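Visitor: Below is the structure I would like to discuss, written out as structure tokens.
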Amino acid sequence: MSDEFERETQNLGNALLGIYILITRVCGLLPLPISLPTFEEDVLHGEQMIEGVSRVVDLIEDEPIDEDLQAGVWGGCLHWLSAAHLYNRWMEHHEHLVSLEIRINLVTGGEALHAVAHGLIDSQNE
């Protein structure tokens, strides 16, 4: 493996982990908190993480929150899931375009999740 591929793989993996942590924090702020698997080490646990985030997508409509906040969680999680699936493709094919697709999904999902976090915190402070 080239140093560039290894560096990009590490950067993408760290970005996936970062947004996964954001998802777990947002889920903890929900009126009916949803717990996701947590891991001690900074290692991707792809299958378990994907199952956990998929569960959030299934459960979010049952949360007693505004539809816009539900949509933000739903969208953020779907963007993360897309990035996670693309990461598997990246590992097999090392295509630069795929790394860009992963990044745009994570940025877009992260923005939605940050907005939801602020909305949930604001609603708790009211």
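In the structure tokens, the first chain shown is A, the next is B, and so on; residue numbers restart at 1 for each chain, and ligands run from 1 in the order shown.
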Assign secondary structure with DSSP using the backbone only, and return the residues of chain A in helix (DSSP H, G or I) as an MDAnalysis selection string.
Guide: chainID A and resid 3:29 46:62 67:93 96:124
Visitor: Could those residues be written to a file, using C-alpha atoms, as a compact mmCIF listing (two decimals), in the first residue's frame?
Guide:
# COMPACT_ATOMS: atom_id res chain seq x y z
CA ASP A 3 1.71 6.04 1.94
CA GLU A 4 -0.87 8.28 0.26
CA PHE A 5 -3.51 5.53 0.29
CA GLU A 6 -2.77 4.71 3.93
CA ARG A 7 -2.96 8.39 4.92
CA GLU A 8 -6.25 8.90 3.07
CA THR A 9 -7.67 5.68 4.54
CA GLN A 10 -6.79 6.89 8.04
CA ASN A 11 -8.28 10.35 7.39
CA LEU A 12 -11.51 8.89 6.02
CA GLY A 13 -11.76 6.41 8.90
CA ASN A 14 -11.25 9.19 11.45
CA ALA A 15 -13.94 11.27 9.74
CA LEU A 16 -16.36 8.33 9.86
CA LEU A 17 -15.63 7.85 13.54
CA GLY A 18 -16.08 11.55 14.24
CA ILE A 19 -19.54 11.69 12.70
CA TYR A 20 -20.49 8.39 14.36
CA ILE A 21 -19.62 9.98 17.72
CA LEU A 22 -21.76 12.99 16.77
CA ILE A 23 -24.65 10.64 15.96
CA THR A 24 -24.31 8.98 19.38
CA ARG A 25 -24.31 12.38 21.09
CA VAL A 26 -27.37 13.58 19.19
CA CYS A 27 -29.16 10.32 20.02
CA GLY A 28 -28.37 10.90 23.69
CA LEU A 29 -30.06 14.32 23.52
CA GLY A 46 -18.19 -1.29 10.46
CA GLU A 47 -20.93 -3.87 10.75
CA GLN A 48 -21.89 -2.95 14.32
CA MET A 49 -21.77 0.76 13.56
CA ILE A 50 -23.89 0.36 10.42
CA GLU A 51 -26.46 -1.72 12.33
CA GLY A 52 -26.64 0.89 15.09
CA VAL A 53 -27.08 3.84 12.75
CA SER A 54 -29.63 1.89 10.69
CA ARG A 55 -31.57 1.34 13.91
CA VAL A 56 -31.62 5.09 14.53
CA VAL A 57 -33.09 5.62 11.04
CA ASP A 58 -35.86 3.13 11.91
CA LEU A 59 -36.61 4.62 15.35
CA ILE A 60 -36.38 8.38 14.75
CA GLU A 61 -39.97 8.75 13.57
CA ASP A 62 -41.16 7.58 17.01
CA GLU A 67 -40.48 16.83 12.12
CA ASP A 68 -37.61 19.06 10.99
CA LEU A 69 -35.41 17.66 13.76
CA GLN A 70 -36.47 14.13 12.88
CA ALA A 71 -35.56 14.82 9.25
CA GLY A 72 -32.18 16.18 10.32
CA VAL A 73 -31.35 13.03 12.28
CA TRP A 74 -32.67 10.84 9.48
CA GLY A 75 -30.70 12.72 6.83
CA GLY A 76 -27.51 12.86 8.87
CA CYS A 77 -27.67 9.13 9.53
CA LEU A 78 -28.39 8.30 5.89
CA HIS A 79 -25.42 10.40 4.77
CA TRP A 80 -23.24 8.58 7.31
CA LEU A 81 -24.50 5.20 6.09
CA SER A 82 -23.73 6.19 2.49
CA ALA A 83 -20.23 7.22 3.52
CA ALA A 84 -19.72 3.94 5.41
CA HIS A 85 -20.76 1.90 2.37
CA LEU A 86 -18.55 3.99 0.12
CA TYR A 87 -15.66 3.44 2.53
CA ASN A 88 -15.90 -0.28 1.79
CA ARG A 89 -15.64 0.52 -1.91
CA TRP A 90 -12.66 2.80 -1.22
CA MET A 91 -10.87 -0.04 0.54
CA GLU A 92 -11.31 -2.26 -2.53
CA HIS A 93 -10.75 0.17 -5.41
CA HIS A 96 -10.13 9.27 -5.65
CA LEU A 97 -13.72 10.09 -6.63
CA VAL A 98 -14.98 7.67 -3.97
CA SER A 99 -12.95 9.43 -1.27
CA LEU A 100 -14.58 12.71 -2.34
CA GLU A 101 -18.03 11.10 -2.19
CA ILE A 102 -17.29 9.90 1.33
CA ARG A 103 -16.20 13.37 2.39
CA ILE A 104 -19.25 15.16 0.95
CA ASN A 105 -21.58 12.68 2.63
CA LEU A 106 -19.85 13.18 5.97
CA VAL A 107 -19.82 16.98 5.69
CA THR A 108 -23.48 17.12 4.70
CA GLY A 109 -24.52 14.64 7.37
CA GLY A 110 -22.43 16.38 9.99
CA GLU A 111 -24.02 19.75 9.23
CA ALA A 112 -27.51 18.29 9.59
CA LEU A 113 -26.59 16.59 12.86
CA HIS A 114 -25.01 19.76 14.30
CA ALA A 115 -28.20 21.67 13.49
CA VAL A 116 -30.27 18.97 15.22
CA ALA A 117 -28.01 19.05 18.28
CA HIS A 118 -28.45 22.82 18.57
CA GLY A 119 -32.22 22.48 18.10
CA LEU A 120 -32.47 19.80 20.78
CA ILE A 121 -30.35 21.79 23.23
CA ASP A 122 -32.42 24.92 22.57
CA SER A 123 -35.68 23.01 23.14
CA GLN A 124 -34.32 21.63 26.45
Visitor: What separation in Å, quoted to one decimal, exists between CA of Pro33 in chain A and CA of Ile65 in chain A?
Guide: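 Distance between the two atoms: 11.7 Å.
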Visitor: Which of these, A:Ser35, A:Glu126, A:His94, A:Pro64, has the shortest distance to Ser2 in chain A once you count only C-alpha atoms?
Guide: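 For Ser2 in chain A, the nearest of the given residues is A:His94.
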